[in-house]
$ cat data37.cif   # mmCIF, C-alpha atoms and all ligand atoms
data_upload
loop_
_atom_site.label_atom_id
_atom_site.label_comp_id
_atom_site.auth_asym_id
_atom_site.auth_seq_id
_atom_site.Cartn_x
_atom_site.Cartn_y
_atom_site.Cartn_z
CA MET A 1 26.88 14.21 -7.34
CA ALA A 2 23.20 13.80 -8.24
CA TRP A 3 20.91 13.73 -5.23
CA ALA A 4 17.37 12.47 -5.41
CA VAL A 5 14.88 15.29 -4.98
CA ALA A 6 13.45 14.90 -1.47
CA MET A 7 10.18 16.51 -2.27
CA ARG A 8 8.16 17.66 -5.23
CA PHE A 9 5.32 20.16 -4.96
CA HIS A 10 2.87 20.21 -7.85
CA VAL A 11 0.88 23.42 -7.74
CA LEU A 12 -2.27 24.02 -9.78
CA THR A 13 -3.10 27.70 -10.11
CA ILE A 14 -4.44 30.28 -12.51
CA PHE A 15 -1.71 32.70 -11.34
CA PRO A 16 1.62 30.85 -11.61
CA GLY A 17 3.46 34.19 -11.75
CA MET A 18 2.51 34.87 -8.12
CA PHE A 19 5.05 32.25 -7.07
CA ASP A 20 8.09 33.90 -8.67
CA GLY A 21 9.14 35.98 -5.67
CA PRO A 22 8.92 33.39 -2.87
CA LEU A 23 10.58 30.71 -5.00
CA SER A 24 13.52 32.90 -5.90
CA GLU A 25 14.66 34.00 -2.42
CA SER A 26 15.92 32.61 0.85
CA ILE A 27 15.41 29.06 2.11
CA ILE A 28 13.08 27.87 -0.65
CA ALA A 29 15.37 29.16 -3.41
CA ARG A 30 18.33 27.47 -1.74
CA ALA A 31 16.48 24.19 -1.33
CA ILE A 32 15.54 24.26 -5.02
CA GLU A 33 19.11 25.11 -5.97
CA ARG A 34 20.42 22.25 -3.86
CA GLY A 35 18.01 19.90 -5.59
CA LEU A 36 16.17 19.09 -2.35
CA VAL A 37 12.88 20.49 -3.53
CA GLU A 38 11.11 20.93 -6.83
CA VAL A 39 8.12 23.23 -7.32
CA ASN A 40 6.22 22.46 -10.50
CA LEU A 41 3.68 25.09 -11.42
CA HIS A 42 0.75 24.14 -13.63
CA ASP A 43 -1.56 26.75 -15.11
CA ILE A 44 -5.13 25.50 -14.74
CA ARG A 45 -6.05 27.65 -17.72
CA ASP A 46 -3.98 25.34 -19.95
CA PHE A 47 -6.63 22.70 -19.24
CA ALA A 48 -9.61 24.85 -20.18
CA LYS A 49 -11.81 23.41 -22.90
CA ASP A 50 -13.16 26.43 -24.76
CA ARG A 51 -11.40 28.98 -26.91
CA HIS A 52 -11.80 31.66 -24.22
CA ARG A 53 -9.85 29.38 -21.87
CA SER A 54 -12.44 29.89 -19.15
CA VAL A 55 -11.84 28.38 -15.76
CA ASP A 56 -14.88 29.77 -13.94
CA ASP A 57 -18.62 30.08 -14.43
CA TYR A 58 -21.77 31.38 -12.76
CA PRO A 59 -23.00 29.53 -9.67
CA TYR A 60 -26.02 27.26 -10.05
CA GLY A 61 -28.82 28.64 -7.90
CA GLY A 62 -27.65 32.19 -8.47
CA GLY A 63 -25.75 34.53 -6.23
CA TYR A 64 -22.67 36.69 -6.45
CA GLY A 65 -19.33 35.80 -7.93
CA MET A 66 -17.96 32.98 -10.00
CA VAL A 67 -17.15 29.37 -9.24
CA MET A 68 -14.10 27.51 -10.53
CA LYS A 69 -15.20 24.89 -13.05
CA PRO A 70 -14.53 21.23 -12.33
CA GLU A 71 -13.22 19.99 -15.73
CA PRO A 72 -9.97 22.01 -15.97
CA ILE A 73 -9.06 21.10 -12.38
CA PHE A 74 -9.86 17.39 -12.82
CA ASP A 75 -7.82 17.33 -16.03
CA ALA A 76 -4.91 19.25 -14.52
CA VAL A 77 -4.70 16.82 -11.58
CA ARG A 78 -4.89 13.81 -13.93
CA SER A 79 -2.21 15.26 -16.14
CA VAL A 80 0.11 15.92 -13.21
CA SER A 81 -0.50 12.44 -11.77
CA THR A 82 0.36 10.78 -15.07
CA GLU A 83 3.25 13.04 -15.98
CA ALA A 84 4.88 12.72 -12.56
CA SER A 85 3.89 9.02 -12.17
CA LEU A 86 2.20 9.71 -8.89
CA GLY A 87 0.70 6.83 -6.94
CA ASP A 88 -2.76 6.78 -5.39
CA SER A 89 -1.54 7.75 -1.96
CA VAL A 90 -0.28 11.21 -2.94
CA PRO A 91 -2.08 13.96 -1.02
CA VAL A 92 -4.10 16.33 -3.18
CA ILE A 93 -4.57 19.40 -1.05
CA LEU A 94 -7.24 21.97 -1.77
CA LEU A 95 -6.32 25.35 -0.29
CA THR A 96 -9.48 26.94 1.04
CA PRO A 97 -10.55 28.98 4.08
CA GLN A 98 -12.92 26.08 4.88
CA GLY A 99 -10.02 23.65 5.31
CA THR A 100 -8.32 22.30 8.42
CA PRO A 101 -6.14 25.06 9.92
CA LEU A 102 -2.45 24.40 9.19
CA THR A 103 -0.36 23.59 12.26
CA GLN A 104 3.27 22.57 12.80
CA PRO A 105 2.33 18.87 13.26
CA ILE A 106 0.47 19.00 9.92
CA ALA A 107 3.51 20.58 8.24
CA GLU A 108 5.67 17.83 9.78
CA HIS A 109 3.32 15.18 8.44
CA LEU A 110 3.30 16.71 4.95
CA ALA A 111 7.11 16.75 4.96
CA THR A 112 7.07 12.92 5.04
CA TYR A 113 5.68 12.70 1.47
CA GLU A 114 7.74 12.76 -1.72
CA ASP A 115 5.01 14.45 -3.71
CA LEU A 116 2.26 16.89 -2.79
CA VAL A 117 -0.36 18.19 -5.18
CA MET A 118 -1.88 21.54 -4.25
CA ILE A 119 -4.93 23.14 -5.83
CA CYS A 120 -5.25 26.89 -5.36
CA GLY A 121 -8.89 27.91 -5.20
CA ARG A 122 -9.87 31.34 -6.47
CA TYR A 123 -12.92 33.51 -6.80
CA GLU A 124 -15.90 32.76 -4.62
CA GLY A 125 -15.31 29.06 -4.61
CA VAL A 126 -14.50 25.82 -6.32
CA ASP A 127 -17.09 23.39 -7.70
CA GLU A 128 -17.96 20.98 -4.87
CA ARG A 129 -17.10 17.95 -7.03
CA VAL A 130 -13.44 18.92 -6.82
CA ARG A 131 -13.67 18.52 -3.04
CA GLU A 132 -15.58 15.28 -3.34
CA ARG A 133 -13.57 13.51 -6.02
CA VAL A 134 -10.15 15.10 -6.44
CA ALA A 135 -8.98 16.61 -3.18
CA THR A 136 -7.88 14.21 -0.44
CA CYS A 137 -7.69 17.00 2.12
CA GLU A 138 -8.41 20.69 2.54
CA LEU A 139 -6.14 23.15 4.30
CA SER A 140 -6.59 26.71 5.50
CA ILE A 141 -3.87 28.96 6.89
CA GLY A 142 -6.07 30.77 9.38
CA ASP A 143 -9.39 32.37 10.09
CA TYR A 144 -9.40 35.19 7.58
CA VAL A 145 -10.13 35.30 3.87
CA LEU A 146 -7.53 35.63 1.12
CA SER A 147 -8.38 36.32 -2.50
CA GLY A 148 -7.05 32.92 -3.43
CA GLY A 149 -5.15 29.85 -2.32
CA GLU A 150 -1.85 30.94 -3.90
CA LEU A 151 -0.41 32.75 -0.89
CA ALA A 152 -1.60 29.89 1.31
CA ALA A 153 0.14 27.35 -0.96
CA MET A 154 3.37 29.36 -0.68
CA ILE A 155 3.06 29.25 3.09
CA VAL A 156 2.60 25.47 3.02
CA ILE A 157 5.63 25.15 0.71
CA ASP A 158 7.71 27.31 3.05
CA ALA A 159 6.64 25.55 6.27
CA VAL A 160 7.25 22.11 4.75
CA THR A 161 10.48 22.92 2.90
CA ARG A 162 12.29 24.17 6.00
CA LEU A 163 11.65 20.77 7.62
CA ILE A 164 13.41 18.85 4.84
CA PRO A 165 16.85 17.72 6.03
CA GLY A 166 19.49 19.95 4.47
CA ALA A 167 17.13 22.83 3.60
CA VAL A 168 17.90 24.73 6.77
CA GLY A 169 21.50 24.77 8.02
CA SER A 170 22.29 23.50 11.51
CA ILE A 171 23.00 27.11 12.43
CA GLU A 172 19.38 27.93 11.71
CA SER A 173 18.12 24.68 13.20
CA THR A 174 14.36 24.21 13.35
CA GLU A 175 14.43 22.32 16.65
CA ASP A 176 13.90 25.35 18.87
CA ASP A 177 11.29 26.97 16.65
CA SER A 178 8.07 28.11 18.17
CA PHE A 179 5.53 25.25 17.99
CA SER A 180 8.02 22.47 17.20
CA THR A 181 8.38 22.12 20.96
CA GLY A 182 4.66 22.77 21.38
CA LEU A 183 5.59 26.10 22.98
CA LEU A 184 6.47 29.59 21.76
CA GLN A 185 10.16 30.26 21.25
CA PHE A 186 12.29 31.82 24.00
CA PRO A 187 13.67 35.39 23.62
CA GLN A 188 16.82 35.69 21.51
CA TYR A 189 19.59 38.29 21.72
CA THR A 190 22.71 39.12 19.79
CA ARG A 191 25.44 41.76 20.20
CA PRO A 192 25.78 44.38 21.54
CA HIS A 193 25.58 43.39 25.21
CA VAL A 194 24.01 46.75 26.09
CA TYR A 195 21.90 48.65 23.60
CA GLU A 196 20.22 51.93 24.57
CA ASP A 197 20.28 50.99 28.28
CA CYS A 198 18.76 47.63 27.54
CA GLU A 199 20.87 44.68 28.63
CA VAL A 200 21.07 41.10 27.48
CA PRO A 201 20.07 38.76 30.36
CA GLU A 202 23.21 37.86 32.28
CA VAL A 203 22.61 34.11 32.16
CA LEU A 204 23.10 34.09 28.37
CA LEU A 205 26.65 35.41 28.85
CA SER A 206 27.47 32.94 31.62
CA GLY A 207 28.65 30.12 29.40
CA ASN A 208 26.74 27.74 31.68
CA HIS A 209 24.84 25.71 29.13
CA ALA A 210 22.64 23.86 31.60
CA GLU A 211 21.58 27.17 33.14
CA ILE A 212 20.96 28.69 29.70
CA GLU A 213 18.85 25.71 28.68
CA ARG A 214 16.80 26.01 31.86
CA TRP A 215 16.32 29.76 31.45
CA ARG A 216 15.22 29.34 27.82
CA ARG A 217 12.76 26.63 28.65
CA ARG A 218 11.27 28.74 31.43
CA GLU A 219 11.03 31.82 29.19
CA SER A 220 9.26 29.67 26.59
CA LEU A 221 6.79 28.60 29.24
CA ARG A 222 6.32 32.17 30.49
CA ARG A 223 5.74 33.53 27.01
CA THR A 224 3.38 30.72 26.06
CA LEU A 225 1.34 31.24 29.23
CA GLU A 226 1.12 34.97 28.54
CA ARG A 227 0.31 34.84 24.85
CA ARG A 228 -1.07 31.41 23.96
CA PRO A 229 -2.14 29.65 27.17
CA GLU A 230 -4.20 27.10 25.19
CA LEU A 231 -0.94 25.62 23.83
CA LEU A 232 0.16 24.55 27.31
CA GLY A 233 -2.59 21.94 27.40
CA HIS A 234 -0.87 19.94 24.63
CA ALA A 235 2.77 20.59 25.52
CA ASP A 236 4.97 17.85 26.92
CA LEU A 237 6.02 19.22 30.33
CA THR A 238 8.00 17.74 33.17
CA GLU A 239 6.63 17.81 36.71
CA GLU A 240 9.00 20.67 37.55
CA GLU A 241 7.84 22.63 34.52
CA ARG A 242 4.20 22.15 35.47
CA GLU A 243 4.97 23.53 38.91
CA PHE A 244 6.78 26.48 37.35
CA VAL A 245 3.75 27.27 35.17
CA GLU A 246 1.46 26.89 38.17
CA ALA A 247 3.61 29.36 40.12
CA LEU A 248 3.48 31.83 37.21
CA ARG A 249 -0.29 31.50 37.07
CA GLU A 250 -0.68 32.14 40.78
CA GLU A 251 1.68 35.11 40.61
CA ARG A 252 -0.30 36.53 37.70
CA ASP A 253 -3.65 35.95 39.38
CA SER A 254 -2.51 37.54 42.64
CA THR A 255 -1.29 40.72 40.92
CA ASN A 256 -4.51 41.16 38.92
CL1 LIG A 301 -6.11 28.29 1.97
N1 LIG A 301 -7.50 30.23 0.88
C1 LIG A 301 -8.16 31.40 0.93
N2 LIG A 301 -8.72 31.90 -0.19
N3 LIG A 301 -8.31 32.12 2.04
C2 LIG A 301 -7.75 31.62 3.14
C3 LIG A 301 -7.04 30.41 3.15
C4 LIG A 301 -6.94 29.74 1.99
N4 LIG A 301 -6.61 30.17 4.41
C5 LIG A 301 -7.04 31.21 5.12
N5 LIG A 301 -7.72 32.06 4.37
#
$ encode --input "data37.cif" --output "structure tokens" --more "lines below"
Ligand code: 6GU
Amino acid sequence: MAWAVAMRFHVLTIFPGMFDGPLSESIIARAIERGLVEVNLHDIRDFAKDRHRSVDDYPYGGGYGMVMKPEPIFDAVRSVSTEASLGDSVPVILLTPQGTPLTQPIAEHLATYEDLVMICGRYEGVDERVRERVATCELSIGDYVLSGGELAAMIVIDAVTRLIPGAVGSIESTEDDSFSTGLLQFPQYTRPHVYEDCEVPEVLLSGNHAEIERWRRRESLRRTLERRPELLGHADLTEEEREFVEALREERDSTN
């Protein structure tokens, strides 16, 4: 049976070969194989105008490094839009350390589109006119600098693909993931029951699903308070859970 592709990523890069590994393993490879996802790589160099196929040039005003030229990127985006019959509302994402930091809600939002165009910036920057006229948004994957947007684009593809229904089996459900609940994930254990004197918490062996649920939720809260307390401000907590967190805080403050 022929299924409609749920999502198409159109990636503009000068290093298409960088994507080979991530696209050929694990969840992304399976999603592509199942026809849920398509990743179309476009070499920006194919849109260069001169015989040297140059995609970068010296910065106006001087300074170190090179800047990615506007024409090949404009032409590559136009070509993709025409070829793939993309409408005007398709996001064109520029991957840059100056972008909005990627979060789980952003990944969830991106997963609602059928097409996403991604431009991987390289070198010391991209001509500002690309930001002004071509990109509809800019994303970063964190506060550190990568040599280019390629690895960031792969991370966006991964985070979005695993949210597409059918990409991740129900056994590997994404519902309990860290962040999808607004909290960090609870501790997980598998066999053996005892390993090098270290035991699996008894409640997980009890078969009491309500108790297990409650323990997991509390461990999520405990872990989030310890490691990422700022997340608790946005999490959707019941009155009882708020009291639990408050008790943990007091306990922590009294032992310090
Ligand atoms: Cl999207 N690009 C680059 N070059 N560096 C980054 C980044 C993106 N996100 C974090 N650092």
$ closest_atom_pairs --input "data37.cif" --of "chain A" --to "ligand LIG 301 (chain A)" --cutoff "7 Å" --atoms "all atoms listed in the file" --output "Markdown table"
| residue | atom | partner | partner_atom | distance |
| --- | --- | --- | --- | --- |
| A:Leu95 | CA | A:LIG301 | CL1 | 3.7 |
| A:Thr96 | CA | A:LIG301 | CL1 | 3.7 |
| A:Pro97 | CA | A:LIG301 | C3 | 3.9 |
| A:Gly99 | CA | A:LIG301 | CL1 | 6.9 |
| A:Gly121 | CA | A:LIG301 | N2 | 6.4 |
| A:Arg122 | CA | A:LIG301 | N2 | 6.4 |
| A:Leu139 | CA | A:LIG301 | CL1 | 5.6 |
| A:Ser140 | CA | A:LIG301 | N4 | 3.6 |
| A:Ile141 | CA | A:LIG301 | N4 | 3.9 |
| A:Gly142 | CA | A:LIG301 | C5 | 4.4 |
| A:Asp143 | CA | A:LIG301 | C5 | 5.6 |
| A:Tyr144 | CA | A:LIG301 | N5 | 4.8 |
| A:Val145 | CA | A:LIG301 | N5 | 4.1 |
| A:Leu146 | CA | A:LIG301 | N3 | 3.7 |
| A:Ser147 | CA | A:LIG301 | N2 | 5.0 |
| A:Gly148 | CA | A:LIG301 | N2 | 3.8 |
| A:Gly149 | CA | A:LIG301 | N1 | 4.0 |
| A:Ala152 | CA | A:LIG301 | CL1 | 4.8 |
| A:Ala153 | CA | A:LIG301 | CL1 | 7.0 |
$ axis_aligned_box --input "data37.cif" --around "region 242-246 of chain A" --padding-each-side "6 Å" --output "AutoDock Vina command-line options"
--center_x 4.1 --center_y 24.7 --center_z 37.0 --size_x 17.3 --size_y 17.1 --size_z 15.7
$ residues_around --input "data37.cif" --residues "Ser178 (chain A)" --least-positions-apart "5" --cutoff "10 Å" --atoms "only C-alpha atoms" --output "list in words"
Gln104, Leu183, Leu184, Gln185, Phe186, Ser220 and Thr224 of chain A
$ atom_distance --input "data37.cif" --atom1 "CA of Arg249 (chain A)" --atom2 "CA of Leu225 (chain A)"
8.0 Å
$ closest_residue --input "data37.cif" --among "A:Asn40, A:Ser206, A:Ser26, A:Ser180" --to "Val117 (chain A)" --atoms "all atoms listed in the file"
A:Asn40
$ residues_around --input "data37.cif" --residues "region 71-82 of chain A" --least-positions-apart "5" --cutoff "9 Å" --atoms "all atoms listed in the file" --output "VMD selection string"
chain A and resid 10 12 42 to 49 54 to 55 87 to 88 90 92 117 119 130 133 to 134
$ residues_around --input "data37.cif" --residues "Asp127 (chain A)" --least-positions-apart "5" --cutoff "9 Å" --atoms "only C-alpha atoms" --output "PDB file with C-alpha atoms, in the frame of the given file"
ATOM      1  CA  PRO A  59     -23.000  29.530  -9.670  1.00  0.00           C
ATOM      2  CA  VAL A  67     -17.150  29.370  -9.240  1.00  0.00           C
ATOM      3  CA  MET A  68     -14.100  27.510 -10.530  1.00  0.00           C
ATOM      4  CA  LYS A  69     -15.200  24.890 -13.050  1.00  0.00           C
ATOM      5  CA  PRO A  70     -14.530  21.230 -12.330  1.00  0.00           C
TER       6      PRO A  70
END
$ decode --input "data37.cif" --residues "region 187-253 of chain A" --atoms "C-alpha atoms" --output "mmCIF file, in the first residue's frame"
data_model
loop_
_atom_site.group_PDB
_atom_site.id
_atom_site.type_symbol
_atom_site.label_atom_id
_atom_site.label_comp_id
_atom_site.auth_asym_id
_atom_site.auth_seq_id
_atom_site.Cartn_x
_atom_site.Cartn_y
_atom_site.Cartn_z
ATOM 1 C CA PRO A 187 14.697 6.689 36.345
ATOM 2 C CA GLN A 188 14.383 3.508 34.286
ATOM 3 C CA TYR A 189 15.576 -0.005 35.142
ATOM 4 C CA THR A 190 15.692 -3.349 33.411
ATOM 5 C CA ARG A 191 16.873 -6.821 34.462
ATOM 6 C CA PRO A 192 18.669 -8.014 36.510
ATOM 7 C CA HIS A 193 16.812 -7.186 39.724
ATOM 8 C CA VAL A 194 20.105 -6.908 41.623
ATOM 9 C CA TYR A 195 23.296 -5.851 39.887
ATOM 10 C CA GLU A 196 26.535 -5.437 41.853
ATOM 11 C CA ASP A 197 24.610 -4.865 45.115
ATOM 12 C CA CYS A 198 22.436 -2.268 43.476
ATOM 13 C CA GLU A 199 18.734 -3.047 43.561
ATOM 14 C CA VAL A 200 15.832 -1.995 41.405
ATOM 15 C CA PRO A 201 13.327 0.014 43.504
ATOM 16 C CA GLU A 202 10.798 -2.423 44.944
ATOM 17 C CA VAL A 203 7.751 -0.481 43.751
ATOM 18 C CA LEU A 204 8.644 -1.213 40.110
ATOM 19 C CA LEU A 205 8.337 -4.951 40.801
ATOM 20 C CA SER A 206 5.053 -4.593 42.686
ATOM 21 C CA GLY A 207 2.764 -4.800 39.691
ATOM 22 C CA ASN A 208 0.729 -1.986 41.243
ATOM 23 C CA HIS A 209 0.386 0.343 38.289
ATOM 24 C CA ALA A 210 -1.128 3.246 40.190
ATOM 25 C CA GLU A 211 1.746 3.114 42.683
ATOM 26 C CA ILE A 212 4.306 2.866 39.876
ATOM 27 C CA GLU A 213 2.764 5.854 38.106
ATOM 28 C CA ARG A 214 2.881 7.873 41.311
ATOM 29 C CA TRP A 215 6.490 6.896 42.045
ATOM 30 C CA ARG A 216 7.575 7.802 38.509
ATOM 31 C CA ARG A 217 5.875 11.144 38.604
ATOM 32 C CA ARG A 218 7.491 11.953 41.933
ATOM 33 C CA GLU A 219 10.936 10.873 40.719
ATOM 34 C CA SER A 220 10.461 13.110 37.671
ATOM 35 C CA LEU A 221 9.679 15.992 39.986
ATOM 36 C CA ARG A 222 12.638 15.196 42.258
ATOM 37 C CA ARG A 223 15.057 14.973 39.353
ATOM 38 C CA THR A 224 13.741 18.130 37.719
ATOM 39 C CA LEU A 225 14.055 20.058 40.981
ATOM 40 C CA GLU A 226 17.627 18.829 41.432
ATOM 41 C CA ARG A 227 18.871 19.352 37.904
ATOM 42 C CA ARG A 228 16.625 21.834 36.098
ATOM 43 C CA PRO A 229 14.555 23.714 38.691
ATOM 44 C CA GLU A 230 13.650 26.421 36.135
ATOM 45 C CA LEU A 231 11.513 23.849 34.266
ATOM 46 C CA LEU A 232 9.158 23.488 37.228
ATOM 47 C CA GLY A 233 7.867 27.000 36.659
ATOM 48 C CA HIS A 234 6.261 25.950 33.353
ATOM 49 C CA ALA A 235 5.199 22.402 34.246
ATOM 50 C CA ASP A 236 1.564 21.486 34.684
ATOM 51 C CA LEU A 237 1.391 20.254 38.294
ATOM 52 C CA THR A 238 -1.477 19.181 40.494
ATOM 53 C CA GLU A 239 -1.913 20.692 43.946
ATOM 54 C CA GLU A 240 -0.530 17.496 45.498
ATOM 55 C CA GLU A 241 2.509 17.620 43.227
ATOM 56 C CA ARG A 242 3.175 21.238 44.148
ATOM 57 C CA GLU A 243 3.114 20.274 47.806
ATOM 58 C CA PHE A 244 5.479 17.387 47.110
ATOM 59 C CA VAL A 245 7.947 19.736 45.383
ATOM 60 C CA GLU A 246 7.608 22.225 48.231
ATOM 61 C CA ALA A 247 8.409 19.463 50.733
ATOM 62 C CA LEU A 248 11.468 18.447 48.692
ATOM 63 C CA ARG A 249 12.639 22.048 48.609
ATOM 64 C CA GLU A 250 12.278 22.448 52.356
ATOM 65 C CA GLU A 251 14.062 19.152 52.973
ATOM 66 C CA ARG A 252 16.893 20.241 50.700
ATOM 67 C CA ASP A 253 17.154 23.684 52.266
#
